[in-house]
>>> print(open('query37.csv').read())   # CSV, C-alpha atoms
chain,number,residue,atom,x,y,z
A,20,MET,CA,123.7,219.6,23.2
A,21,ALA,CA,123.4,219.8,19.4
A,22,TRP,CA,123.1,216.5,17.5
A,23,PRO,CA,125.2,215.2,15.9
A,24,PRO,CA,128.5,216.6,17.2
A,25,LYS,CA,129.8,219.5,15.1
A,26,ILE,CA,133.0,217.8,14.2
A,27,ILE,CA,131.2,215.2,12.1
A,28,ARG,CA,128.2,217.3,10.9
A,29,SER,CA,129.8,218.1,7.6
A,30,ASN,CA,128.5,216.2,4.6
A,31,SER,CA,131.9,216.4,2.8
A,32,LEU,CA,133.3,213.1,4.3
A,33,LEU,CA,131.4,210.8,2.0
A,34,PRO,CA,128.1,211.4,0.1
A,35,ILE,CA,125.1,209.3,1.3
A,36,PHE,CA,125.1,207.3,-2.0
A,37,ASN,CA,128.8,206.4,-1.6
A,38,THR,CA,128.4,205.2,2.0
A,39,ASN,CA,125.4,203.0,1.1
A,40,LEU,CA,127.3,201.6,-1.9
A,41,LEU,CA,130.4,200.9,0.2
A,42,LEU,CA,128.2,199.3,2.8
A,43,VAL,CA,126.6,197.0,0.2
A,44,LEU,CA,130.1,196.2,-1.3
A,45,VAL,CA,131.6,195.2,2.1
A,46,VAL,CA,128.5,193.1,3.0
A,47,GLY,CA,128.7,191.4,-0.4
A,48,LEU,CA,132.4,190.5,0.0
A,49,LEU,CA,131.7,189.1,3.5
A,50,THR,CA,128.8,187.0,2.1
A,51,LEU,CA,131.0,185.7,-0.8
A,52,ILE,CA,133.7,184.7,1.6
A,53,GLY,CA,131.2,182.9,3.8
A,54,ILE,CA,129.8,181.0,0.8
A,55,LEU,CA,133.3,180.0,-0.4
A,56,THR,CA,134.3,178.9,3.1
A,57,LEU,CA,131.1,176.9,3.6
A,58,TYR,CA,131.6,175.3,0.1
A,59,SER,CA,135.0,174.2,1.3
A,60,ALA,CA,133.7,172.9,4.6
A,61,SER,CA,131.0,170.8,2.8
A,62,LEU,CA,133.2,169.3,0.0
A,63,GLN,CA,133.4,165.9,1.7
A,64,ILE,CA,129.7,165.7,2.3
A,65,ASP,CA,127.9,163.4,-0.1
A,66,LEU,CA,124.6,165.2,-0.5
A,67,PRO,CA,122.8,167.1,-3.3
A,68,PHE,CA,124.2,170.7,-3.5
A,69,PHE,CA,121.1,172.4,-2.0
A,70,GLN,CA,121.0,170.0,0.9
A,71,LYS,CA,124.6,170.9,1.9
A,72,VAL,CA,125.2,173.8,4.3
A,73,VAL,CA,126.5,175.9,1.4
A,74,GLY,CA,123.4,175.3,-0.7
A,75,LYS,CA,121.1,176.1,2.2
A,76,GLN,CA,123.2,179.2,2.9
A,77,ILE,CA,122.8,180.5,-0.6
A,78,ILE,CA,119.0,180.1,-0.3
A,79,TRP,CA,119.1,181.9,3.1
A,80,ALA,CA,121.2,184.7,1.6
A,81,ILE,CA,118.8,185.3,-1.3
A,82,LEU,CA,115.9,185.4,1.2
A,83,GLY,CA,117.9,187.6,3.6
A,84,ILE,CA,118.8,190.1,0.8
A,85,ALA,CA,115.2,190.3,-0.2
A,86,ILE,CA,114.1,191.0,3.4
A,87,GLY,CA,117.0,193.5,3.7
A,88,ALA,CA,115.9,195.3,0.5
A,89,SER,CA,112.3,195.4,1.8
A,90,MET,CA,113.6,197.3,4.8
A,91,TYR,CA,114.3,200.2,2.4
A,92,PHE,CA,110.6,200.9,2.3
A,93,VAL,CA,110.2,200.9,6.1
A,94,GLN,CA,110.0,204.5,7.2
A,95,LYS,CA,111.6,205.8,10.3
A,96,LYS,CA,108.2,207.0,11.6
A,97,LEU,CA,106.8,203.5,11.4
A,98,LEU,CA,109.7,202.1,13.3
A,99,PHE,CA,109.4,204.8,15.9
A,100,ASP,CA,105.7,204.6,16.4
A,101,MET,CA,105.6,200.8,16.5
A,102,ALA,CA,108.6,200.3,18.8
A,103,TYR,CA,106.8,199.4,22.0
A,104,LEU,CA,104.2,197.2,20.2
A,105,LEU,CA,107.1,195.4,18.5
A,106,PHE,CA,108.8,194.9,21.8
A,107,GLY,CA,105.7,193.2,23.3
A,108,ALA,CA,105.4,191.0,20.2
A,109,GLY,CA,109.1,190.2,20.5
A,110,LEU,CA,108.7,189.0,24.1
A,111,VAL,CA,105.8,186.7,23.0
A,112,LEU,CA,108.1,185.3,20.3
A,113,LEU,CA,110.9,184.7,22.8
A,114,LEU,CA,108.4,182.6,24.9
A,115,LEU,CA,107.1,180.6,21.9
A,116,PRO,CA,110.0,178.0,22.0
A,117,TYR,CA,108.6,176.8,25.3
A,118,PHE,CA,105.3,175.9,23.5
A,119,LEU,CA,106.1,175.4,19.9
A,120,GLY,CA,109.8,174.4,19.9
A,121,GLY,CA,109.9,171.2,21.9
A,122,SER,CA,113.2,170.2,23.5
A,123,THR,CA,115.2,167.0,23.7
A,124,THR,CA,118.4,168.7,25.1
A,125,GLY,CA,117.0,170.9,27.7
A,126,THR,CA,117.1,174.1,25.5
A,127,HIS,CA,114.2,176.2,24.3
A,128,ARG,CA,115.7,178.4,21.6
A,129,TRP,CA,113.9,177.4,18.4
A,130,VAL,CA,110.3,177.7,17.2
A,131,THR,CA,109.2,174.8,15.0
A,132,LEU,CA,106.3,175.2,12.6
A,133,GLY,CA,106.3,172.2,10.3
A,134,PRO,CA,109.4,172.5,8.1
A,135,ILE,CA,110.1,176.0,9.3
A,136,HIS,CA,112.5,176.5,12.1
A,137,PHE,CA,113.6,179.9,13.4
A,138,GLN,CA,115.3,181.5,16.5
A,139,PRO,CA,113.3,184.4,17.9
A,140,SER,CA,116.2,185.7,19.9
A,141,GLU,CA,117.9,186.7,16.6
A,142,PHE,CA,115.0,188.9,15.4
A,143,MET,CA,114.6,190.3,18.9
A,144,LYS,CA,118.0,192.0,18.5
A,145,ILE,CA,116.4,194.3,15.9
A,146,ILE,CA,113.5,195.1,18.1
A,147,VAL,CA,115.6,195.9,21.2
A,148,VAL,CA,117.8,198.3,19.2
A,149,VAL,CA,114.8,200.1,17.9
A,150,VAL,CA,112.9,200.3,21.3
A,151,LEU,CA,116.0,201.4,23.1
A,152,ALA,CA,116.7,204.1,20.5
A,153,LYS,CA,113.1,205.3,20.9
A,154,HIS,CA,113.5,205.6,24.7
A,155,LEU,CA,116.9,207.3,24.6
A,156,SER,CA,115.7,209.8,22.0
A,157,ARG,CA,112.8,211.1,24.0
A,158,ARG,CA,112.9,214.9,24.2
A,159,ASP,CA,111.7,214.9,27.8
A,160,LEU,CA,114.4,212.5,28.9
A,161,ASP,CA,116.9,213.9,31.5
A,162,ILE,CA,119.9,211.9,30.4
A,163,SER,CA,122.0,213.3,33.3
A,164,ASN,CA,119.7,211.6,35.8
A,165,ILE,CA,120.5,207.9,36.4
A,166,GLN,CA,116.8,207.2,37.2
A,167,SER,CA,115.8,208.2,33.7
A,168,ILE,CA,117.9,205.4,32.2
A,169,LEU,CA,116.5,202.7,34.4
A,170,PRO,CA,113.7,201.9,31.9
A,171,ALA,CA,116.4,201.4,29.3
A,172,LEU,CA,117.9,198.7,31.5
A,173,VAL,CA,114.5,197.0,31.8
A,174,LEU,CA,114.1,197.0,28.0
A,175,VAL,CA,117.4,195.2,27.7
A,176,PHE,CA,117.5,192.9,30.7
A,177,VAL,CA,113.9,191.5,30.4
A,178,PRO,CA,114.6,189.8,27.0
A,179,MET,CA,118.2,189.1,28.0
A,180,LEU,CA,117.1,187.1,31.1
A,181,ILE,CA,114.5,185.1,29.0
A,182,ILE,CA,117.2,184.2,26.5
A,183,LEU,CA,119.7,183.4,29.3
A,184,GLU,CA,117.1,181.0,30.7
A,185,GLN,CA,116.6,179.2,27.4
A,186,PRO,CA,119.7,178.8,27.9
A,187,ASP,CA,121.7,180.9,25.3
A,188,LEU,CA,124.5,182.6,27.1
A,189,GLY,CA,126.2,183.9,23.9
A,190,THR,CA,123.1,185.7,22.5
A,191,SER,CA,122.3,187.1,25.9
A,192,MET,CA,125.8,188.7,26.0
A,193,ILE,CA,125.0,190.6,22.8
A,194,TYR,CA,121.9,192.2,24.4
A,195,PHE,CA,124.0,193.2,27.4
A,196,ALA,CA,126.9,194.5,25.2
A,197,LEU,CA,124.8,196.7,22.9
A,198,LEU,CA,123.4,198.6,25.8
A,199,PHE,CA,126.5,200.5,26.7
A,200,PRO,CA,127.5,202.0,23.3
A,201,MET,CA,123.9,203.2,22.9
A,202,LEU,CA,124.0,204.8,26.4
A,203,LEU,CA,127.3,206.5,25.7
A,204,TRP,CA,126.1,207.7,22.3
A,205,SER,CA,123.0,209.2,23.9
A,206,GLY,CA,125.1,211.2,26.3
A,207,VAL,CA,124.8,209.2,29.5
A,208,ARG,CA,127.5,210.0,32.0
A,209,VAL,CA,130.4,207.6,32.1
A,210,PHE,CA,130.1,207.4,35.9
A,211,HIS,CA,126.5,206.1,35.5
A,212,ILE,CA,127.6,203.5,33.1
A,213,PHE,CA,130.3,202.5,35.6
A,214,LEU,CA,127.5,202.0,38.2
A,215,ILE,CA,125.6,199.8,35.8
A,216,THR,CA,128.6,197.6,34.8
A,217,ALA,CA,130.2,197.4,38.3
A,218,PRO,CA,128.0,194.6,39.6
A,219,PHE,CA,128.8,192.4,36.7
A,220,ILE,CA,132.5,193.0,37.0
A,221,SER,CA,132.2,192.3,40.7
A,222,ILE,CA,130.7,188.9,39.9
A,223,LEU,CA,133.5,188.1,37.3
A,224,THR,CA,136.4,189.2,39.6
A,225,ALA,CA,134.9,187.3,42.6
A,226,PHE,CA,136.3,184.0,41.2
A,227,ASN,CA,139.7,185.0,42.5
A,228,PHE,CA,140.3,186.7,45.9
A,229,TYR,CA,143.1,188.9,44.7
A,230,SER,CA,141.3,190.2,41.6
A,231,PHE,CA,138.1,190.8,43.7
A,232,PHE,CA,140.2,192.7,46.3
A,233,ILE,CA,141.8,194.9,43.6
A,234,TRP,CA,138.4,195.6,42.0
A,235,VAL,CA,136.9,196.7,45.3
A,236,VAL,CA,139.8,199.1,45.8
A,237,VAL,CA,139.2,200.4,42.2
A,238,ILE,CA,135.5,201.0,43.1
A,239,ILE,CA,136.4,202.9,46.3
A,240,LEU,CA,138.9,205.1,44.4
A,241,ILE,CA,136.4,205.9,41.6
A,242,LEU,CA,133.7,206.8,44.2
A,243,TYR,CA,136.2,209.0,46.0
A,244,PHE,CA,137.5,210.9,43.0
A,245,SER,CA,134.0,211.3,41.6
A,246,LYS,CA,133.0,213.0,44.9
A,247,THR,CA,130.1,210.6,45.6
A,248,ARG,CA,128.2,211.3,48.8
A,249,LEU,CA,129.3,209.0,51.7
A,250,ILE,CA,125.9,207.3,52.1
A,251,GLN,CA,125.7,206.6,48.3
A,252,ALA,CA,129.3,205.4,48.2
A,253,LEU,CA,128.7,203.0,51.1
A,254,ILE,CA,125.5,201.6,49.5
A,255,ILE,CA,127.4,201.0,46.1
A,256,THR,CA,130.4,199.4,47.8
A,257,ILE,CA,128.2,197.1,50.0
A,258,ALA,CA,126.1,196.1,47.0
A,259,ASN,CA,129.1,195.1,45.0
A,260,LEU,CA,130.6,193.2,47.9
A,261,SER,CA,127.4,191.4,48.4
A,262,LEU,CA,127.3,190.4,44.7
A,263,GLY,CA,130.9,189.2,44.9
A,264,PHE,CA,130.0,187.0,47.9
A,265,ALA,CA,126.9,185.7,46.1
A,266,THR,CA,128.9,184.6,43.1
A,267,PRO,CA,129.0,180.9,44.2
A,268,VAL,CA,125.2,180.8,44.1
A,269,LEU,CA,125.1,182.4,40.6
A,270,TRP,CA,127.8,180.0,39.4
A,271,ASN,CA,125.7,177.0,40.5
A,272,ARG,CA,122.8,178.4,38.4
A,273,LEU,CA,124.9,177.9,35.2
A,274,GLN,CA,124.5,174.7,33.2
A,275,PRO,CA,127.4,172.2,33.6
A,276,TYR,CA,128.5,172.8,30.0
A,277,GLN,CA,128.6,176.5,30.6
A,278,GLN,CA,130.7,176.1,33.7
A,279,ASN,CA,133.1,173.9,31.7
A,280,ARG,CA,133.4,176.4,28.9
A,281,ILE,CA,134.3,179.2,31.4
A,282,LEU,CA,136.9,177.0,33.2
A,283,THR,CA,138.4,176.0,29.9
A,284,LEU,CA,139.1,179.6,29.2
A,285,PHE,CA,141.7,179.7,32.0
A,286,ASN,CA,143.2,176.3,31.2
A,287,VAL,CA,142.3,175.0,27.8
A,288,GLU,CA,144.6,172.0,28.1
A,289,ALA,CA,143.0,170.8,31.4
A,290,ASP,CA,140.4,168.7,29.4
A,291,PRO,CA,141.8,168.4,25.9
A,292,GLN,CA,139.4,165.6,24.9
A,293,GLY,CA,136.3,167.3,26.5
A,294,ALA,CA,135.6,171.0,27.1
A,295,GLY,CA,138.9,172.2,25.7
A,296,TYR,CA,138.7,170.1,22.5
A,297,GLN,CA,137.0,172.7,20.3
A,298,VAL,CA,139.3,175.5,21.3
A,299,LEU,CA,142.5,173.4,20.9
A,300,GLN,CA,141.5,172.2,17.4
A,301,SER,CA,140.5,175.7,16.5
A,302,GLN,CA,143.9,177.0,17.5
A,303,ILE,CA,145.7,174.3,15.7
A,304,ALA,CA,143.7,175.0,12.5
A,305,ILE,CA,144.4,178.7,12.6
A,306,GLY,CA,148.1,178.2,13.4
A,307,SER,CA,148.5,175.6,10.6
A,308,GLY,CA,147.4,178.0,8.0
A,309,GLY,CA,150.6,180.0,8.1
A,310,PHE,CA,150.9,183.2,6.1
A,311,PHE,CA,149.1,182.3,2.9
A,312,GLY,CA,146.9,179.4,4.0
A,313,LYS,CA,146.6,175.9,2.6
A,314,GLY,CA,144.1,176.8,-0.1
A,315,ILE,CA,140.4,176.3,-0.5
A,316,GLY,CA,139.4,172.7,0.2
A,317,GLN,CA,142.9,171.8,1.5
A,318,GLY,CA,142.5,172.3,5.2
A,319,THR,CA,143.2,169.1,7.0
A,320,GLN,CA,141.6,170.1,10.3
A,321,THR,CA,138.5,171.0,8.4
A,322,HIS,CA,138.2,168.0,6.1
A,323,LEU,CA,139.3,165.4,8.5
A,324,LYS,CA,136.6,166.6,10.8
A,325,PHE,CA,138.9,167.4,13.7
A,326,LEU,CA,137.2,170.8,14.0
A,327,PRO,CA,133.6,170.6,15.3
A,328,GLU,CA,131.0,173.2,14.3
A,329,GLN,CA,133.3,174.3,11.5
A,330,HIS,CA,130.4,175.7,9.4
A,331,ASN,CA,129.0,177.8,12.2
A,332,ASP,CA,130.6,178.9,15.4
A,333,PHE,CA,134.2,178.0,14.3
A,334,ILE,CA,134.1,179.1,10.7
A,335,PHE,CA,136.8,181.7,11.4
A,336,SER,CA,139.1,178.7,12.1
A,337,VAL,CA,138.5,177.4,8.6
A,338,ILE,CA,139.3,180.8,7.2
A,339,GLY,CA,142.6,180.8,9.2
A,340,GLU,CA,143.6,177.4,8.0
A,341,GLU,CA,142.7,177.7,4.3
A,342,TYR,CA,143.3,181.5,3.7
A,343,GLY,CA,146.1,182.0,6.3
A,344,PHE,CA,147.2,185.2,7.9
A,345,ILE,CA,146.4,187.2,4.8
A,346,GLY,CA,142.9,185.9,4.6
A,347,VAL,CA,142.2,186.5,8.3
A,348,MET,CA,143.5,190.0,8.1
A,349,PHE,CA,141.4,190.7,5.0
A,350,VAL,CA,138.2,189.5,6.8
A,351,LEU,CA,139.0,191.5,9.9
A,352,ALA,CA,139.7,194.5,7.8
A,353,LEU,CA,136.3,194.2,6.1
A,354,PHE,CA,134.6,194.0,9.5
A,355,PHE,CA,136.6,197.1,10.6
A,356,VAL,CA,135.5,199.0,7.5
A,357,LEU,CA,131.9,197.9,8.1
A,358,THR,CA,132.0,199.2,11.6
A,359,LEU,CA,133.6,202.4,10.6
A,360,ILE,CA,131.0,203.1,7.9
A,361,LEU,CA,128.2,202.5,10.3
A,362,ILE,CA,129.7,204.8,12.9
A,363,LEU,CA,130.2,207.5,10.2
A,364,ILE,CA,126.5,207.1,9.0
A,365,ALA,CA,125.4,207.3,12.7
A,366,TYR,CA,127.4,210.5,13.3
A,367,ARG,CA,125.9,212.2,10.2
A,368,GLN,CA,122.2,211.7,11.2
A,369,ARG,CA,120.3,214.8,12.0
A,370,GLU,CA,117.7,212.9,14.1
A,371,ARG,CA,118.7,211.4,17.4
A,372,PHE,CA,116.5,208.3,16.9
A,373,ASN,CA,118.1,207.4,13.5
A,374,SER,CA,121.6,207.9,14.9
A,375,LEU,CA,120.9,205.7,18.0
A,376,VAL,CA,119.4,202.9,15.8
A,377,ILE,CA,122.4,202.8,13.6
A,378,ILE,CA,124.9,202.8,16.4
A,379,GLY,CA,122.9,200.0,18.0
A,380,ILE,CA,123.2,198.0,14.8
A,381,ALA,CA,126.9,198.7,14.6
A,382,SER,CA,127.2,197.4,18.2
A,383,VAL,CA,125.4,194.2,17.5
A,384,LEU,CA,127.6,193.3,14.5
A,385,PHE,CA,130.8,194.5,16.2
A,386,PHE,CA,130.3,192.4,19.3
A,387,HIS,CA,129.4,189.3,17.3
A,388,VAL,CA,132.7,189.6,15.5
A,389,VAL,CA,134.8,190.3,18.7
A,390,ILE,CA,133.2,187.5,20.7
A,391,ASN,CA,133.3,184.9,17.8
A,392,VAL,CA,137.0,185.6,17.0
A,393,ALA,CA,138.0,185.7,20.6
A,394,MET,CA,136.2,182.4,21.2
A,395,THR,CA,138.0,180.7,18.3
A,396,ILE,CA,141.5,181.7,19.6
A,397,GLY,CA,140.8,180.9,23.2
A,398,LEU,CA,140.4,184.4,24.6
A,399,MET,CA,136.8,184.0,25.6
A,400,PRO,CA,134.6,181.0,26.6
A,401,VAL,CA,132.9,179.1,23.8
A,402,THR,CA,129.5,180.8,23.6
A,403,GLY,CA,128.0,179.7,20.3
A,404,LEU,CA,127.9,183.1,18.6
A,405,PRO,CA,128.2,183.0,14.7
A,406,LEU,CA,130.2,185.4,12.6
A,407,PRO,CA,128.1,187.9,10.7
A,408,PHE,CA,127.4,187.2,7.0
A,409,ILE,CA,129.9,184.3,7.1
A,410,SER,CA,128.6,181.6,9.5
A,411,TYR,CA,125.9,179.2,8.5
A,412,GLY,CA,122.5,179.9,9.9
A,413,GLY,CA,119.2,181.2,8.4
A,414,SER,CA,117.8,183.2,11.3
A,415,PHE,CA,121.1,185.1,12.0
A,416,LEU,CA,121.9,185.7,8.4
A,417,ILE,CA,118.4,187.2,7.7
A,418,THR,CA,118.7,189.3,10.8
A,419,CYS,CA,122.1,190.7,9.6
A,420,TYR,CA,120.7,191.7,6.2
A,421,ALA,CA,117.6,193.2,7.8
A,422,LEU,CA,119.9,195.3,10.1
A,423,ILE,CA,121.9,196.6,7.0
A,424,GLY,CA,118.6,197.3,5.2
A,425,ILE,CA,117.4,199.5,8.1
A,426,VAL,CA,120.7,201.4,8.1
A,427,ILE,CA,120.4,202.1,4.3
A,428,SER,CA,116.8,203.2,4.7
A,429,LEU,CA,117.6,205.6,7.6
A,430,ASN,CA,120.6,207.0,5.7
A,431,ILE,CA,118.6,207.7,2.6
A,432,GLU,CA,115.7,209.1,4.6
A,433,ARG,CA,118.2,211.7,6.0
A,434,ALA,CA,118.7,213.2,2.6
>>> encode(input="query37.csv", output="structure tokens")
Amino acid sequence: MAWPPKIIRSNSLLPIFNTNLLLVLVVGLLTLIGILTLYSASLQIDLPFFQKVVGKQIIWAILGIAIGASMYFVQKKLLFDMAYLLFGAGLVLLLLPYFLGGSTTGTHRWVTLGPIHFQPSEFMKIIVVVVLAKHLSRRDLDISNIQSILPALVLVFVPMLIILEQPDLGTSMIYFALLFPMLLWSGVRVFHIFLITAPFISILTAFNFYSFFIWVVVIILILYFSKTRLIQALIITIANLSLGFATPVLWNRLQPYQQNRILTLFNVEADPQGAGYQVLQSQIAIGSGGFFGKGIGQGTQTHLKFLPEQHNDFIFSVIGEEYGFIGVMFVLALFFVLTLILILIAYRQRERFNSLVIIGIASVLFFHVVINVAMTIGLMPVTGLPLPFISYGGSFLITCYALIGIVISLNIERA
């Protein structure tokens, strides 16, 4: 099959210069909104400016922009040739927190080197996107054969399981989520993606007898209409049934706080002073903002400290309270435009590797937004995922700028 699809191959949609400029403009607006929101959230903190979260964020933003700009000089050939070596180095980095991080809370997410602290799992997102793109762009890869995509699953699941064990459920979800858009983009059959995702859906639905029963019926119907051989259909069905029955064991493997967050999703008011507190306060903050918001620095939920993690995981709630419905829709529109630009750039690439890297980057940023926003309004469990370019955090912010820098580099290289 020709790459990219003929319907988007035309260069008349937007010149390369304009797409890169628009990309920089959207990222700049998101960064500015993030700094203004962090400024508001830190107004009541009596510290020197550059010791507040907003001051630190500005420093991280400057460093991140510099690193993102340096990605302009990274050629596609270097990324392609070094992919597997980078993957090995990334796995070593993921294991470093067990030796150089120390832990007082039972987590092993951070590497500490004197005054420097960083989270390797953030940088590993870049590496996984690149190495997955290299595998899926191989000329000798028979994409119609499910066995040929098994190495792709290994490339994603190995770092994902390490991160899950640290434990960091939110970040591990991003690794899992980015896999499927990249598989679809590379031409993998939808039925094969169904086979990969079915076990996870079986685990999720097994918490309720009726939902699990309906899911098993759906599996049988899909296997029947896809004309799967009887032996294969039996194996797939039995495997999913077994996973459903093993769900209690997997549930007990989760940390108590993770279990509470999941249970809170189904009844946030069951523990309003405990596991449900963050979500309830977040919903109150967003709802109280009304149509136009209370104004910068005027949010009562924010400044009376009712809302925990307001500078990080729940910064979207601060936006909702202080900028209102208008502000929320503007931010979401910016993320929508960002995703659309990335998809357009990916479509226009002549080389399969470039296109897959860019769609992987789009997937990372998109799922961060979806999960973070859904978390703050109570549609998903609290997973601790930040909002791209807006939430406070050095490792994540630098990663976001590096991802955009890679996109611009590949887009210019195409010319």
>>> closest_residue(input="query37.csv", among="A:Met179, A:Pro186, A:Trp79, A:Gln94", to="His127 in chain A", atoms="only C-alpha atoms")
A:Pro186
>>> atom_distance(input="query37.csv", atom1="CA of Gly343 in chain A", atom2="CA of Ile315 in chain A")
10.5 Å
>>> residues_around(input="query37.csv", residues="Leu114 in chain A", least_positions_apart="4", cutoff="9 Å", atoms="only C-alpha atoms", output="MDAnalysis selection string")
chainID A and resid 109:110 118 127 139 181
>>> atom_distance(input="query37.csv", atom1="CA of Gly133 in chain A", atom2="CA of Tyr194 in chain A")
29.0 Å
>>> closest_residue(input="query37.csv", among="A:Val209, A:Val150, A:Ile84, A:Val337", to="Ala421 in chain A", atoms="all atoms listed in the file")
A:Ile84
>>> residues_around(input="query37.csv", residues="Ser140 in chain A", least_positions_apart="4", cutoff="7 Å", atoms="only C-alpha atoms", output="list in words")
Leu113, Lys144 and Ile182 of chain A
>>> atom_distance(input="query37.csv", atom1="CA of Arg272 in chain A", atom2="CA of Gly189 in chain A")
15.9 Å
>>> residues_around(input="query37.csv", residues="range 170-175 of chain A", least_positions_apart="3", cutoff="9 Å", atoms="only C-alpha atoms", output="VMD selection string")
chain A and resid 106 147 150 to 151 154 to 155 166 to 167 178 to 180 194 to 195 197 to 198 202 215
>>> residues_around(input="query37.csv", residues="Tyr58 in chain A", least_positions_apart="6", cutoff="10 Å", atoms="all atoms listed in the file", output="ChimeraX atom specification")
/A:52,68,71-74,76,315-316,330
>>> closest_residue(input="query37.csv", among="A:Leu169, A:Leu57, A:Ile425, A:Ile303", to="Gly412 in chain A", atoms="only C-alpha atoms")
A:Leu57
>>> closest_residue(input="query37.csv", among="A:Leu422, A:Leu55, A:Leu262, A:Met399", to="Glu341 in chain A", atoms="only C-alpha atoms")
A:Leu55
>>> closest_residue(input="query37.csv", among="A:Ser163, A:Thr358, A:Gln185, A:Thr56", to="Ile378 in chain A", atoms="all atoms listed in the file")
A:Thr358
>>> closest_residue(input="query37.csv", among="A:Ile81, A:Ile146, A:Ile168, A:Leu203", to="Ile417 in chain A", atoms="all atoms listed in the file")
A:Ile81
>>> residues_around(input="query37.csv", residues="Leu375 in chain A", least_positions_apart="6", cutoff="12 Å", atoms="all atoms listed in the file", output="PyMOL selection string")
chain A and resi 22-23+99+147-157+197-206+361-362+364-369+381-382+426+429
>>> write_last_selection(input="query37.csv", atoms="C-alpha atoms", output="short mmCIF file (atom, residue, chain, number, x, y, z; two decimals), in the coordinates of the input")
data_model
loop_
_atom_site.label_atom_id
_atom_site.label_comp_id
_atom_site.auth_asym_id
_atom_site.auth_seq_id
_atom_site.Cartn_x
_atom_site.Cartn_y
_atom_site.Cartn_z
CA TRP A 22 123.10 216.50 17.50
CA PRO A 23 125.20 215.20 15.90
CA PHE A 99 109.40 204.80 15.90
CA VAL A 147 115.60 195.90 21.20
CA VAL A 148 117.80 198.30 19.20
CA VAL A 149 114.80 200.10 17.90
CA VAL A 150 112.90 200.30 21.30
CA LEU A 151 116.00 201.40 23.10
CA ALA A 152 116.70 204.10 20.50
CA LYS A 153 113.10 205.30 20.90
CA HIS A 154 113.50 205.60 24.70
CA LEU A 155 116.90 207.30 24.60
CA SER A 156 115.70 209.80 22.00
CA ARG A 157 112.80 211.10 24.00
CA LEU A 197 124.80 196.70 22.90
CA LEU A 198 123.40 198.60 25.80
CA PHE A 199 126.50 200.50 26.70
CA PRO A 200 127.50 202.00 23.30
CA MET A 201 123.90 203.20 22.90
CA LEU A 202 124.00 204.80 26.40
CA LEU A 203 127.30 206.50 25.70
CA TRP A 204 126.10 207.70 22.30
CA SER A 205 123.00 209.20 23.90
CA GLY A 206 125.10 211.20 26.30
CA LEU A 361 128.20 202.50 10.30
CA ILE A 362 129.70 204.80 12.90
CA ILE A 364 126.50 207.10 9.00
CA ALA A 365 125.40 207.30 12.70
CA TYR A 366 127.40 210.50 13.30
CA ARG A 367 125.90 212.20 10.20
CA GLN A 368 122.20 211.70 11.20
CA ARG A 369 120.30 214.80 12.00
CA ALA A 381 126.90 198.70 14.60
CA SER A 382 127.20 197.40 18.20
CA VAL A 426 120.70 201.40 8.10
CA LEU A 429 117.60 205.60 7.60
#
>>> decode(input="query37.csv", residues="range 188-217 of chain A", atoms="C-alpha atoms", output="compact mmCIF listing (two decimals), in the first residue's frame")
# COMPACT_ATOMS: atom_id res chain seq x y z
CA LEU A 188 -0.35 3.34 37.05
CA GLY A 189 -1.03 6.60 35.20
CA THR A 190 2.22 6.67 33.22
CA SER A 191 1.98 2.95 32.42
CA MET A 192 -1.46 3.62 30.91
CA ILE A 193 0.12 6.04 28.42
CA TYR A 194 2.49 3.33 27.18
CA PHE A 195 -0.42 0.97 26.71
CA ALA A 196 -2.58 3.60 24.99
CA LEU A 197 0.01 4.81 22.45
CA LEU A 198 0.45 1.27 21.11
CA PHE A 199 -2.91 1.03 19.36
CA PRO A 200 -2.90 4.23 17.27
CA MET A 201 0.57 3.29 16.04
CA LEU A 202 -0.57 -0.23 15.16
CA LEU A 203 -3.62 1.11 13.31
CA TRP A 204 -1.51 3.69 11.51
CA SER A 205 0.91 1.01 10.35
CA GLY A 206 -1.92 -1.00 8.80
CA VAL A 207 -2.46 -3.75 11.40
CA ARG A 208 -5.85 -5.43 11.04
CA VAL A 209 -8.53 -4.19 13.42
CA PHE A 210 -9.30 -7.81 14.32
CA HIS A 211 -5.73 -8.32 15.51
CA ILE A 212 -5.96 -5.19 17.64
CA PHE A 213 -9.18 -6.61 19.08
CA LEU A 214 -7.30 -9.79 20.04
CA ILE A 215 -4.68 -7.70 21.85
CA THR A 216 -7.15 -5.49 23.72
CA ALA A 217 -9.71 -8.20 24.54
